[in-house]
Amino acid sequence: YGSTVCDKKKGCPKDHITCDDEDPCTTDRCDEERGCVFEEIKCDDYDECTKDTCNPSCGSCQHIPIDCNDGDVCTDDSCDSESGCKHKDTDCNDHNECTTDKCVEGKGCVNEAHYDDCDDNDECTYDDCDPKDGCKYTNVKCDDGNMCT
């Protein structure tokens, strides 16, 4: 703080105090009651998808995107600016009615064919699976065109 000794010719000294903590990430000022005050620069951009920091080499704010990857192949990871990281179950539906769709830990989406599920145990139908419509059963035509059979 300034000198408190009064000079008989000049009176009380009014030396200006320089408040500088040499930290570019603070705002430095002198408060009449408290003396030097060093306030951190506020870098919050109010985006939950960034980590907000002050770069100590230049004093500028940095907003570094956060990594929302939870390491689970069965979730789709994203970030919402207001609520932060989100982890939604992966949609493995391949839109093929002839497969069973699921997500397997460590592998991701697996779409297993299930043509055998269309077997209606009726020897008078051809059993098939259509990717769009699923199981189809077509009647077998027993007439082979041979009059002797």
# chains A, B, ... in the order shown; residues from 1 in each chain; ligands from 1

$ residues_around --residues "region 55-65 of chain A" --least-positions-apart "6" --cutoff "8 Å" --atoms "only C-alpha atoms" --output "PyMOL selection string"
chain A and resi 23-26+43+45+49

$ residues_around --residues "region 68-75 of chain A" --least-positions-apart "5" --cutoff "7 Å" --atoms "only C-alpha atoms" --output "ChimeraX atom specification"
/A:85,87-90,103-108

$ write_last_selection --atoms "C-alpha atoms" --output "compact mmCIF listing (two decimals), in the first residue's frame"
# COMPACT_ATOMS: atom_id res chain seq x y z
CA CYS A 85 -23.82 -35.73 -22.76
CA HIS A 87 -26.33 -41.82 -24.45
CA LYS A 88 -29.23 -43.27 -26.45
CA ASP A 89 -29.56 -46.99 -27.21
CA THR A 90 -28.27 -47.75 -30.70
CA CYS A 103 -26.80 -54.85 -30.19
CA VAL A 104 -24.10 -57.03 -28.66
CA GLU A 105 -21.59 -55.59 -26.19
CA GLY A 106 -18.16 -55.42 -27.77
CA LYS A 107 -19.50 -56.04 -31.29
CA GLY A 108 -22.24 -53.53 -31.98

$ atom_distance --atom1 "CA of Asp67 (chain A)" --atom2 "CA of Tyr46 (chain A)"
16.7 Å

$ select_by_dssp --residues "region 25-142 of chain A" --states "strand (DSSP E)" --output "ChimeraX atom specification"
/A:26-31,35-40,50-54,61-65,75-80,84-89,99-104,108-113,125-130,134-139

$ residues_around --residues "Lys141 (chain A)" --least-positions-apart "3" --cutoff "12 Å" --atoms "only C-alpha atoms" --output "ChimeraX atom specification"
/A:123-126,138,144-145

$ select_by_dssp --residues "chain A" --states "helix (DSSP H, G or I)" --output "list in words"
Tyr115, Asp116, Asp117 and Cys118 of chain A

$ residues_around --residues "Thr18 (chain A)" --least-positions-apart "3" --cutoff "9 Å" --atoms "only C-alpha atoms" --output "list in words"
Asp28, Arg29, Cys30 and Cys36 of chain A

$ closest_residue --among "A:Asp21, A:His16, A:Cys118, A:Thr149" --to "Tyr137 (chain A)" --atoms "only C-alpha atoms"
A:Cys118

$ closest_residue --among "A:Lys9, A:His114, A:Lys51, A:Arg34" --to "Ser81 (chain A)" --atoms "only C-alpha atoms"
A:Lys51

$ residues_around --residues "Asp117 (chain A)" --least-positions-apart "2" --cutoff "9 Å" --atoms "only C-alpha atoms" --output "number ranges by chain"
A: 98, 114-115, 119-120, 129, 135

$ residues_around --residues "Gly84 (chain A)" --least-positions-apart "5" --cutoff "10 Å" --atoms "only C-alpha atoms" --output "VMD selection string"
chain A and resid 47 to 50 66 68 78 to 79

$ write_last_selection --atoms "all heavy atoms" --output "compact mmCIF listing (two decimals), in the first residue's frame"
# COMPACT_ATOMS: atom_id res chain seq x y z
N ASP A 47 -22.40 -23.45 -22.46
CA ASP A 47 -22.60 -24.59 -23.35
C ASP A 47 -22.08 -25.81 -22.61
O ASP A 47 -20.88 -25.91 -22.33
CB ASP A 47 -21.84 -24.37 -24.66
CG ASP A 47 -22.05 -25.48 -25.67
OD1 ASP A 47 -22.50 -26.59 -25.29
OD2 ASP A 47 -21.77 -25.25 -26.86
N GLU A 48 -22.98 -26.75 -22.27
CA GLU A 48 -22.59 -27.94 -21.51
C GLU A 48 -21.70 -28.89 -22.31
O GLU A 48 -21.20 -29.87 -21.77
CB GLU A 48 -23.83 -28.67 -21.01
CG GLU A 48 -24.63 -27.88 -19.99
CD GLU A 48 -23.84 -27.57 -18.74
OE1 GLU A 48 -23.15 -28.46 -18.22
OE2 GLU A 48 -23.89 -26.41 -18.29
N CYS A 49 -21.49 -28.59 -23.58
CA CYS A 49 -20.68 -29.46 -24.44
C CYS A 49 -19.25 -28.96 -24.57
O CYS A 49 -18.50 -29.47 -25.41
CB CYS A 49 -21.33 -29.58 -25.81
SG CYS A 49 -22.95 -30.36 -25.75
N THR A 50 -18.88 -27.97 -23.79
CA THR A 50 -17.50 -27.47 -23.82
C THR A 50 -16.93 -27.37 -22.41
O THR A 50 -17.66 -27.16 -21.45
CB THR A 50 -17.41 -26.07 -24.47
OG1 THR A 50 -18.18 -25.15 -23.72
CG2 THR A 50 -17.86 -26.10 -25.92
N ILE A 66 -16.18 -31.29 -25.24
CA ILE A 66 -16.00 -32.45 -24.37
C ILE A 66 -16.27 -33.72 -25.16
O ILE A 66 -16.98 -33.71 -26.16
CB ILE A 66 -16.90 -32.39 -23.12
CG1 ILE A 66 -18.38 -32.36 -23.49
CG2 ILE A 66 -16.53 -31.21 -22.25
CD1 ILE A 66 -19.30 -32.49 -22.30
N CYS A 68 -18.06 -37.13 -25.32
CA CYS A 68 -19.20 -37.83 -24.71
C CYS A 68 -19.16 -39.33 -24.96
O CYS A 68 -20.08 -40.05 -24.58
CB CYS A 68 -20.51 -37.25 -25.24
SG CYS A 68 -20.86 -35.60 -24.60
N SER A 78 -24.07 -38.35 -27.91
CA SER A 78 -24.19 -37.00 -28.45
C SER A 78 -24.11 -36.02 -27.29
O SER A 78 -24.02 -36.42 -26.13
CB SER A 78 -25.51 -36.83 -29.20
OG SER A 78 -26.61 -37.00 -28.32
N CYS A 79 -24.15 -34.75 -27.63
CA CYS A 79 -24.10 -33.73 -26.58
C CYS A 79 -25.15 -32.67 -26.88
O CYS A 79 -25.29 -32.23 -28.02
CB CYS A 79 -22.71 -33.10 -26.51
SG CYS A 79 -22.48 -32.14 -24.99

$ atom_distance --atom1 "CA of Lys136 (chain A)" --atom2 "CA of Glu97 (chain A)"
11.1 Å

$ atom_distance --atom1 "CA of Glu22 (chain A)" --atom2 "CA of Asp44 (chain A)"
21.9 Å
